[in-house]
file target17.txt (compact mmCIF, C-alpha atoms)
# COMPACT_ATOMS: atom_id res chain seq x y z
CA MET A 1 -39.62 9.79 -40.24
CA ASN A 2 -39.99 6.16 -39.23
CA PRO A 3 -40.95 6.22 -35.53
CA THR A 4 -38.64 3.31 -34.55
CA LEU A 5 -35.78 5.43 -35.81
CA VAL A 6 -36.48 7.95 -33.06
CA ILE A 7 -35.90 5.49 -30.24
CA GLN A 8 -32.88 4.11 -32.01
CA ILE A 9 -31.34 7.54 -32.29
CA LEU A 10 -32.19 8.37 -28.66
CA LEU A 11 -30.72 5.16 -27.29
CA VAL A 12 -27.58 5.32 -29.36
CA ALA A 13 -27.10 8.96 -28.41
CA ALA A 14 -27.52 8.18 -24.73
CA ILE A 15 -24.99 5.38 -24.90
CA VAL A 16 -22.52 7.50 -26.86
CA VAL A 17 -22.90 10.38 -24.39
CA ALA A 18 -22.34 7.99 -21.49
CA MET A 19 -19.19 6.62 -23.11
CA VAL A 20 -17.86 10.05 -24.04
CA ARG A 21 -18.42 11.18 -20.47
CA LEU A 22 -16.58 8.14 -19.24
CA ILE A 23 -13.55 9.22 -21.22
CA THR A 24 -13.68 12.99 -20.66
CA HIS A 25 -15.40 13.13 -17.33
CA THR A 26 -15.17 16.04 -14.94
CA SER A 27 -16.31 14.71 -11.63
CA VAL A 28 -18.24 17.74 -10.33
CA ARG A 29 -20.28 18.07 -13.48
CA THR A 30 -20.84 14.31 -13.65
CA ARG A 31 -22.27 14.34 -10.17
CA ALA A 32 -24.50 17.31 -10.98
CA TRP A 33 -25.84 15.59 -14.08
CA ALA A 34 -26.42 12.40 -12.15
CA LYS A 35 -28.59 14.38 -9.74
CA ILE A 36 -30.56 16.10 -12.51
CA LEU A 37 -31.11 12.82 -14.33
CA GLY A 38 -32.04 11.14 -11.07
CA LEU A 39 -34.61 13.86 -10.36
CA LEU A 40 -36.10 13.65 -13.86
CA PHE A 41 -36.23 9.90 -13.60
CA THR A 42 -38.03 10.11 -10.27
CA VAL A 43 -40.63 12.55 -11.59
CA PHE A 44 -41.12 10.37 -14.65
CA ALA A 45 -41.49 7.26 -12.53
CA VAL A 46 -44.05 8.89 -10.26
CA LEU A 47 -46.11 10.15 -13.19
CA VAL A 48 -46.00 6.74 -14.84
CA VAL A 49 -47.22 5.12 -11.66
CA ILE A 50 -50.12 7.57 -11.46
CA PHE A 51 -50.95 7.44 -15.17
CA PRO A 52 -49.92 3.96 -16.31
CA ASP A 53 -51.17 4.46 -19.88
CA TRP A 54 -48.60 7.28 -20.35
CA THR A 55 -45.76 4.85 -20.88
CA GLY A 56 -47.63 3.30 -23.79
CA LYS A 57 -48.36 6.72 -25.29
CA ILE A 58 -44.79 7.95 -24.88
CA ALA A 59 -43.52 4.68 -26.27
CA HIS A 60 -45.67 5.06 -29.38
CA LEU A 61 -44.50 8.67 -29.72
CA VAL A 62 -40.84 7.63 -29.92
CA GLY A 63 -41.50 4.48 -31.92
CA VAL A 64 -41.38 1.75 -29.28
CA GLY A 65 -44.09 -0.88 -29.43
CA ARG A 66 -44.92 -1.19 -25.73
CA GLY A 67 -44.51 0.95 -22.62
CA THR A 68 -42.69 -1.87 -20.80
CA ASP A 69 -40.08 -1.95 -23.55
CA LEU A 70 -39.50 1.77 -23.16
CA LEU A 71 -39.01 1.33 -19.42
CA LEU A 72 -36.55 -1.47 -20.08
CA TYR A 73 -34.51 0.74 -22.39
CA CYS A 74 -34.47 3.53 -19.84
CA LEU A 75 -33.36 1.06 -17.20
CA VAL A 76 -30.47 -0.09 -19.37
CA ILE A 77 -29.24 3.49 -19.61
CA VAL A 78 -29.59 4.05 -15.88
CA VAL A 79 -27.68 0.86 -15.07
CA LEU A 80 -24.96 1.70 -17.58
CA THR A 81 -24.52 5.20 -16.19
CA SER A 82 -24.35 4.03 -12.62
CA MET A 83 -21.83 1.33 -13.52
CA ILE A 84 -19.61 3.92 -15.13
CA ASN A 85 -19.89 6.28 -12.18
CA THR A 86 -19.07 3.50 -9.74
CA SER A 87 -16.00 2.47 -11.67
CA LEU A 88 -14.73 6.06 -11.90
CA LEU A 89 -15.27 6.51 -8.20
CA ARG A 90 -13.42 3.30 -7.45
CA GLN A 91 -10.51 4.43 -9.59
CA SER A 92 -10.19 7.74 -7.83
CA GLU A 93 -10.48 6.10 -4.41
CA GLN A 94 -7.70 3.73 -5.40
CA ARG A 95 -5.45 6.66 -6.29
CA ARG A 96 -6.15 8.41 -3.03
CA PHE A 97 -5.44 5.23 -1.13
CA ALA A 98 -2.13 4.81 -2.95
CA LYS A 99 -1.19 8.37 -1.98
CA VAL A 100 -1.87 7.75 1.69
CA VAL A 101 0.12 4.52 1.71
CA ARG A 102 3.01 6.15 -0.16
CA GLN A 103 3.13 9.06 2.26
CA GLN A 104 3.36 6.68 5.18
CA VAL A 105 6.04 4.50 3.55
CA LEU A 106 8.18 7.50 2.60
CA PHE A 107 7.85 9.02 6.07
CA GLN A 108 8.99 5.79 7.66
CA ALA A 109 11.89 5.49 5.22
CA ARG A 110 13.09 9.00 6.03
CA MET A 111 12.91 8.29 9.75
CA GLU A 112 14.98 5.13 9.27
CA ASP A 113 17.52 7.06 7.22
CA MET A 114 17.79 9.75 9.88
CA LEU A 115 18.24 7.20 12.66
CA SER A 116 20.89 5.28 10.76
CA ARG A 117 22.77 8.52 10.07
CA GLU A 118 22.71 9.31 13.79
CA ASP A 119 24.08 5.86 14.53
CA ASP A 120 26.93 6.45 12.10
CA GLY A 121 27.66 9.75 13.83
CA THR A 122 28.04 8.27 17.29
CA GLN A 123 30.26 5.46 16.06
CA VAL A 124 32.76 7.84 14.45
CA MET B 1 34.00 -5.35 -18.64
CA ARG B 2 35.52 -1.91 -18.57
CA TYR B 3 32.79 -0.22 -16.57
CA ARG B 4 33.79 -2.18 -13.51
CA ASP B 5 36.86 0.06 -13.22
CA THR B 6 34.73 3.00 -12.19
CA VAL B 7 32.22 1.24 -9.97
CA PRO B 8 30.10 1.82 -8.15
CA ILE B 9 28.27 4.44 -10.15
CA ALA B 10 26.70 6.77 -7.58
CA ASP B 11 24.82 9.30 -9.70
CA THR B 12 22.05 6.90 -10.72
CA ALA B 13 19.28 5.44 -8.57
CA ILE B 14 18.01 2.07 -9.74
CA ILE B 15 14.38 1.56 -8.77
CA VAL B 16 13.12 -2.01 -8.64
CA PRO B 17 9.41 -2.55 -7.96
CA ALA B 18 8.85 -6.10 -6.75
CA HIS B 19 5.81 -8.18 -5.92
CA ASN B 20 6.36 -11.76 -4.74
CA GLU B 21 9.77 -12.08 -6.38
CA ALA B 22 11.57 -13.76 -3.46
CA ALA B 23 12.95 -16.46 -5.77
CA VAL B 24 14.98 -14.06 -7.91
CA ILE B 25 15.11 -10.65 -6.28
CA GLU B 26 18.36 -11.20 -4.36
CA ALA B 27 20.26 -12.28 -7.47
CA THR B 28 18.79 -9.43 -9.53
CA ILE B 29 19.76 -6.81 -6.96
CA ARG B 30 23.18 -8.26 -6.24
CA GLU B 31 23.99 -7.98 -9.93
CA VAL B 32 22.88 -4.34 -10.07
CA ARG B 33 24.66 -3.47 -6.83
CA GLU B 34 27.99 -4.56 -8.32
CA VAL B 35 27.74 -1.56 -10.60
CA PHE B 36 25.37 0.95 -9.01
CA ALA B 37 25.58 2.35 -5.48
CA HIS B 38 21.92 3.26 -5.08
CA VAL B 39 19.45 0.43 -5.54
CA ILE B 40 15.95 0.94 -4.17
CA CYS B 41 13.59 -1.99 -4.04
CA VAL B 42 9.92 -1.24 -3.43
CA ASP B 43 8.30 -4.38 -2.08
CA ASP B 44 4.70 -3.97 -3.18
CA GLY B 45 3.02 -5.80 -0.31
CA SER B 46 4.49 -9.20 -1.13
CA SER B 47 3.26 -12.22 0.78
CA ASP B 48 6.66 -13.92 0.55
CA ASP B 49 9.97 -12.66 1.94
CA THR B 50 10.83 -10.43 -1.00
CA SER B 51 11.84 -7.66 1.42
CA THR B 52 14.37 -9.78 3.27
CA GLN B 53 15.83 -11.18 0.06
CA ALA B 54 16.12 -7.71 -1.47
CA ARG B 55 17.87 -6.40 1.65
CA GLN B 56 20.29 -9.34 1.50
CA GLY B 57 21.03 -8.43 -2.09
CA GLY B 58 22.01 -4.97 -0.91
CA ALA B 59 19.01 -2.81 -1.76
CA ARG B 60 17.42 -0.06 0.28
CA VAL B 61 14.00 -1.63 0.75
CA LEU B 62 10.73 0.26 1.08
CA ARG B 63 7.68 -1.83 1.75
CA HIS B 64 4.08 -1.11 0.83
CA PRO B 65 1.95 -2.58 3.62
CA VAL B 66 -0.61 -3.61 0.98
CA ASN B 67 -0.35 -4.46 -2.69
CA LEU B 68 -0.94 -1.32 -4.76
CA GLY B 69 0.34 -2.27 -8.20
CA GLN B 70 3.59 -1.90 -10.10
CA GLY B 71 2.98 1.69 -11.16
CA ALA B 72 2.31 2.77 -7.58
CA ALA B 73 5.45 0.99 -6.39
CA LEU B 74 7.51 2.69 -9.08
CA GLN B 75 6.16 6.10 -8.07
CA THR B 76 7.06 5.42 -4.41
CA GLY B 77 10.58 4.46 -5.48
CA ILE B 78 10.93 7.60 -7.58
CA GLU B 79 9.79 9.85 -4.74
CA TYR B 80 12.23 8.22 -2.34
CA ALA B 81 15.08 8.41 -4.86
CA LEU B 82 14.47 12.14 -5.24
CA THR B 83 15.78 12.55 -1.68
CA LEU B 84 19.10 10.98 -2.71
CA PRO B 85 22.00 12.93 -4.23
CA VAL B 86 21.55 11.36 -7.67
CA GLU B 87 21.11 12.82 -11.14
CA TYR B 88 19.53 9.89 -12.94
CA PHE B 89 16.75 7.48 -12.15
CA CYS B 90 16.20 4.08 -13.70
CA SER B 91 13.23 1.71 -13.53
CA PHE B 92 14.39 -1.88 -13.54
CA ASP B 93 12.26 -5.05 -13.45
CA ALA B 94 12.69 -7.39 -10.51
CA ASP B 95 12.55 -10.65 -12.42
CA GLY B 96 16.04 -10.40 -13.87
CA GLN B 97 15.01 -9.81 -17.48
CA HIS B 98 17.11 -6.66 -17.85
CA ARG B 99 20.88 -6.53 -18.24
CA VAL B 100 22.93 -4.19 -16.06
CA GLU B 101 25.24 -3.33 -18.96
CA ASP B 102 22.25 -1.93 -20.82
CA VAL B 103 21.64 0.48 -17.94
CA VAL B 104 25.30 1.47 -17.97
CA ALA B 105 25.06 2.19 -21.69
CA MET B 106 21.84 4.15 -21.26
CA ARG B 107 23.41 6.27 -18.52
CA GLN B 108 26.47 6.88 -20.69
CA ARG B 109 24.16 7.96 -23.50
CA MET B 110 22.47 10.37 -21.09
CA VAL B 111 25.81 11.82 -19.94
CA ASP B 112 27.19 12.21 -23.49
CA ASP B 113 24.06 13.63 -25.04
CA PRO B 114 21.52 14.70 -22.41
CA VAL B 115 17.84 14.10 -23.02
CA ASP B 116 15.07 13.87 -20.44
CA ILE B 117 14.44 10.18 -20.77
CA VAL B 118 16.10 7.21 -22.44
CA LEU B 119 13.84 4.24 -23.13
CA GLY B 120 15.10 0.73 -23.63
CA SER B 121 13.70 -0.81 -26.79
CA ARG B 122 13.55 -4.49 -27.61
CA PHE B 123 12.88 -3.83 -31.26
CA LEU B 124 15.47 -1.23 -32.13
CA GLY B 125 18.16 -2.84 -34.24
CA HIS B 126 17.61 -6.56 -34.13
CA ASP B 127 14.63 -8.77 -33.42
CA PRO B 128 15.02 -10.71 -30.20
CA LYS B 129 15.14 -14.28 -31.40
CA ASP B 130 14.34 -15.94 -28.10
CA MET B 131 11.10 -13.96 -27.77
CA PRO B 132 8.08 -16.15 -28.48
CA LEU B 133 6.29 -15.22 -31.71
CA GLY B 134 2.95 -14.56 -29.99
CA LYS B 135 4.55 -12.18 -27.53
CA ARG B 136 6.43 -10.42 -30.32
CA LEU B 137 3.24 -9.81 -32.30
CA LEU B 138 1.43 -8.66 -29.17
CA LEU B 139 4.17 -6.18 -28.29
CA ARG B 140 4.23 -4.83 -31.84
CA GLY B 141 0.49 -4.27 -31.50
CA ALA B 142 1.01 -2.57 -28.15
CA VAL B 143 3.47 -0.18 -29.78
CA ARG B 144 0.99 0.73 -32.51
CA PHE B 145 -1.66 1.27 -29.87
CA ALA B 146 0.54 3.42 -27.64
CA ASN B 147 1.72 5.50 -30.58
CA ALA B 148 -1.82 6.01 -31.77
CA THR B 149 -3.20 7.00 -28.37
CA SER B 150 -0.28 9.12 -27.21
CA GLY B 151 1.08 10.78 -30.33
CA VAL B 152 4.69 9.79 -29.54
CA LYS B 153 6.56 7.63 -32.04
CA LEU B 154 8.35 4.82 -30.27
CA THR B 155 9.45 1.32 -31.22
CA ASP B 156 8.72 -0.31 -27.85
CA ALA B 157 6.06 0.94 -25.48
CA HIS B 158 6.06 -1.64 -22.72
CA ASN B 159 9.68 -2.01 -21.74
CA GLY B 160 10.35 -1.75 -18.01
CA LEU B 161 13.83 -0.32 -18.57
CA ARG B 162 13.84 3.50 -18.60
CA LEU B 163 16.45 6.00 -17.48
CA PHE B 164 15.45 9.58 -16.78
CA ASN B 165 16.63 12.79 -15.21
CA ARG B 166 15.48 14.74 -12.17
CA HIS B 167 13.02 16.82 -14.19
CA VAL B 168 11.14 13.69 -15.27
CA ALA B 169 11.34 12.18 -11.78
CA GLN B 170 9.78 15.30 -10.31
CA THR B 171 7.02 15.69 -12.88
CA ILE B 172 6.03 12.18 -14.03
CA ASP B 173 3.56 11.66 -11.14
CA LEU B 174 2.38 8.17 -12.10
CA GLN B 175 -1.25 7.74 -11.13
CA GLU B 176 -2.10 4.41 -12.68
CA PRO B 177 -1.53 1.84 -9.98
CA GLY B 178 -1.22 -1.24 -12.16
CA TYR B 179 0.64 -2.33 -15.27
CA GLN B 180 -0.80 0.42 -17.45
CA HIS B 181 1.89 2.73 -16.06
CA ALA B 182 3.90 1.83 -19.16
CA SER B 183 1.29 3.46 -21.39
CA GLU B 184 1.05 6.27 -18.86
CA PHE B 185 4.80 6.88 -19.16
CA VAL B 186 4.43 7.24 -22.92
CA ALA B 187 1.41 9.49 -22.55
CA ARG B 188 3.28 11.74 -20.11
CA ILE B 189 6.24 11.96 -22.49
CA HIS B 190 3.88 13.39 -25.06
CA GLU B 191 1.97 15.58 -22.63
CA LEU B 192 4.94 17.18 -20.88
CA GLY B 193 7.14 17.25 -23.97
CA TYR B 194 10.09 15.31 -22.55
CA ALA B 195 13.05 14.99 -24.88
CA VAL B 196 13.16 11.26 -25.50
CA ALA B 197 15.70 8.84 -26.95
CA GLU B 198 15.53 5.11 -27.50
CA MET B 199 18.32 2.60 -27.12
CA PRO B 200 18.38 -1.06 -28.09
CA VAL B 201 18.39 -3.35 -25.08
CA THR B 202 18.43 -7.09 -24.74
CA ILE B 203 15.83 -8.86 -22.66
CA ARG B 204 16.68 -12.19 -21.13
CA TYR B 205 13.57 -14.28 -21.58
CA THR B 206 14.19 -16.81 -18.88
CA GLU B 207 11.54 -19.36 -18.05
CA TYR B 208 10.94 -17.43 -14.83
CA SER B 209 10.38 -14.07 -16.48
CA LEU B 210 8.09 -15.57 -19.12
CA GLN B 211 6.04 -17.23 -16.42
CA LYS B 212 5.92 -14.09 -14.30
CA GLY B 213 5.50 -11.62 -17.15
CA GLN B 214 2.23 -10.09 -18.15
CA SER B 215 -0.10 -12.64 -19.61
CA MET B 216 -1.41 -12.09 -23.11
CA MET B 217 -4.93 -11.51 -21.88
CA ASN B 218 -3.69 -8.72 -19.67
CA ALA B 219 -2.99 -6.75 -22.85
CA VAL B 220 -6.74 -6.37 -23.22
CA ASN B 221 -6.99 -4.95 -19.69
CA ILE B 222 -4.15 -2.54 -20.30
CA ALA B 223 -5.65 -1.31 -23.57
CA ALA B 224 -9.05 -0.73 -21.97
CA ASP B 225 -7.60 0.99 -18.91
CA THR B 226 -5.46 3.22 -21.09
CA LEU B 227 -8.44 4.39 -23.11
CA VAL B 228 -10.48 4.98 -19.98
CA SER B 229 -7.75 6.78 -18.07
CA LYS B 230 -6.96 9.35 -20.74
CA ALA B 231 -8.58 11.89 -18.41
CA VAL B 232 -6.38 11.15 -15.40
CA HIS B 233 -3.97 14.04 -15.86
CA ARG B 234 -6.37 16.78 -16.72

call {"tool": "encode", "arguments": {"input": "target17.txt", "output": "structure tokens"}}
result
Amino acid sequence: MNPTLVIQILLVAAIVVAMVRLITHTSVRTRAWAKILGLLFTVFAVLVVIFPDWTGKIAHLVGVGRGTDLLLYCLVIVVLTSMINTSLLRQSEQRRFAKVVRQQVLFQARMEDMLSREDDGTQV
Amino acid sequence: MRYRDTVPIADTAIIVPAHNEAAVIEATIREVREVFAHVICVDDGSSDDTSTQARQGGARVLRHPVNLGQGAALQTGIEYALTLPVEYFCSFDADGQHRVEDVVAMRQRMVDDPVDIVLGSRFLGHDPKDMPLGKRLLLRGAVRFANATSGVKLTDAHNGLRLFNRHVAQTIDLQEPGYQHASEFVARIHELGYAVAEMPVTIRYTEYSLQKGQSMMNAVNIAADTLVSKAVHR
């Protein structure tokens, strides 16, 4: 198999998985995966710092010319994932906010209705 | 106009979400109030005096302290209307593009032959000739898109005019704050298996409503948000 094909498959798969998750996300699992990936990424980063020539070797293994390129690709995936997570979080915060506001507005409306009914009662 | 003999109709709550519509809201509501007893206007955090104007028109006004989006305003209106002794609920746009007689006809349709929800369609029957060509093509595309993503066959997916019963009002639970609530409505119809009917309605494309209406580019936003939010009601 052509080694560049490996990285192509890996990158495309990662992007597809990220997009599929975006559409069918379950928040608890997403958070758990984010932690696992974060941990793996940290370990990887530490090892790479200690053994700089590893990136080059790994890169060659998966068909990328240089170690820096491999890091760049990984970074793209990390950024993409975190963007997606942020946007999902923002969406759910927005919904919660709307609920709070609605609760308050409806409560106030019911109070007004009650008061105006009482007024009607005393006038009769 | 025969329906004026039996006015006001008290078994239907008309829900009008409004955001910065001070210029037209009073006239819109006054017109509806001539026929329907319960008109609820949800002022979605307007920066103008939409609330005051709506109250002058004769609506029961609820006011969001901040702008939350049309879908959120509609949901607030629905939840308030559920506390009223009404059987039917109708979403009605604030800009005056809908005709009150269409609502009367939709309600009559509901009474004669009950379904869960009656949707107004701009494309059933005749083509609206005063609709700009670009908008017409865009809306046709929106219909295709909504049908494809929701599995419900409809002729008009983004019409603000809908009349529904208590069951729908209690279960619809709109979560999308913005304009994509139209697609959400269609998706919920499919998901919860509402019995649905369509009726031809006429939209008055006034200069004001064209100016205020959703811009063409917003269609892109709505399509993207709809795809992304498929997981909202898990």

call {"tool": "atom_distance", "arguments": {"input": "target17.txt", "atom1": "atom CA of Ser46 of chain B", "atom2": "atom CA of Ile15 of chain B"}}
result
16.5 Å

call {"tool": "closest_residue", "arguments": {"input": "target17.txt", "among": "B:Asp48, B:Glu198, B:Asp43, B:Asp156", "to": "chain A", "atoms": "only C-alpha atoms"}}
result
B:Asp43

call {"tool": "atom_distance", "arguments": {"input": "target17.txt", "atom1": "atom CA of Phe107 of chain A", "atom2": "atom CA of Glu93 of chain A"}}
result
21.3 Å

call {"tool": "atom_distance", "arguments": {"input": "target17.txt", "atom1": "atom CA of Leu139 of chain B", "atom2": "atom CA of Val42 of chain B"}}
result
26.0 Å

call {"tool": "closest_residue", "arguments": {"input": "target17.txt", "among": "B:Cys90, B:Ala59, B:Val103, B:Val66", "to": "Ile14 of chain B", "atoms": "all atoms listed in the file"}}
result
B:Cys90

call {"tool": "closest_residue", "arguments": {"input": "target17.txt", "among": "B:Thr76, B:Thr12, B:Asn20, B:Ser91", "to": "Gln103 of chain A", "atoms": "only C-alpha atoms"}}
result
B:Thr76

call {"tool": "residues_around", "arguments": {"input": "target17.txt", "residues": "Ala14 of chain A", "least_positions_apart": "2", "cutoff": "12 Å", "atoms": "all atoms listed in the file", "output": "VMD selection string"}}
result
chain A and resid 7 to 12 16 to 21 37 73 to 78 80 to 81

call {"tool": "closest_residue", "arguments": {"input": "target17.txt", "among": "A:Glu118, A:Asp69, A:Met111, A:Gln104", "to": "chain B", "atoms": "all atoms listed in the file"}}
result
A:Gln104

call {"tool": "residues_around", "arguments": {"input": "target17.txt", "residues": "Val48 of chain A", "least_positions_apart": "2", "cutoff": "12 Å", "atoms": "only C-alpha atoms", "output": "PyMOL selection string"}}
result
chain A and resi 41-46+50-59+67-68+70-71

call {"tool": "residues_around", "arguments": {"input": "target17.txt", "residues": "Ala182 of chain B", "least_positions_apart": "5", "cutoff": "9 Å", "atoms": "all atoms listed in the file", "output": "list in words"}}
result
Gly71, Ala157, His158, Asn159, Gly160 and Ala187 of chain B

call {"tool": "write_last_selection", "arguments": {"input": "target17.txt", "atoms": "C-alpha atoms", "output": "CSV table (one decimal), in the coordinates of the input"}}
result
chain,number,residue,atom,x,y,z
B,71,GLY,CA,3.0,1.7,-11.2
B,157,ALA,CA,6.1,0.9,-25.5
B,158,HIS,CA,6.1,-1.6,-22.7
B,159,ASN,CA,9.7,-2.0,-21.7
B,160,GLY,CA,10.4,-1.8,-18.0
B,187,ALA,CA,1.4,9.5,-22.6

call {"tool": "closest_residue", "arguments": {"input": "target17.txt", "among": "B:Leu124, B:Pro17, B:Arg60, B:Pro132", "to": "Pro177 of chain B", "atoms": "all atoms listed in the file"}}
result
B:Pro17

call {"tool": "residues_around", "arguments": {"input": "target17.txt", "residues": "His38 of chain B", "least_positions_apart": "2", "cutoff": "12 Å", "atoms": "only C-alpha atoms", "output": "MDAnalysis selection string"}}
result
chainID B and resid 7:16 29:30 32:36 40:41 58:61 77 80:90

call {"tool": "residues_around", "arguments": {"input": "target17.txt", "residues": "Ala105 of chain B", "least_positions_apart": "3", "cutoff": "10 Å", "atoms": "only C-alpha atoms", "output": "number ranges by chain"}}
result
B: 3, 100-102, 108-111, 199-201

call {"tool": "closest_residue", "arguments": {"input": "target17.txt", "among": "B:His181, B:Arg63, B:His19, B:Arg144", "to": "chain A", "atoms": "all atoms listed in the file"}}
result
B:Arg63

call {"tool": "residues_near_point", "arguments": {"input": "target17.txt", "point": "(17.1, -5.4, -17.1)", "cutoff": "8 Å", "atoms": "only C-alpha atoms", "output": "NGL selection string"}}
result
:B and (92-93 or 96-100 or 102-103 or 160-161 or 202-204)
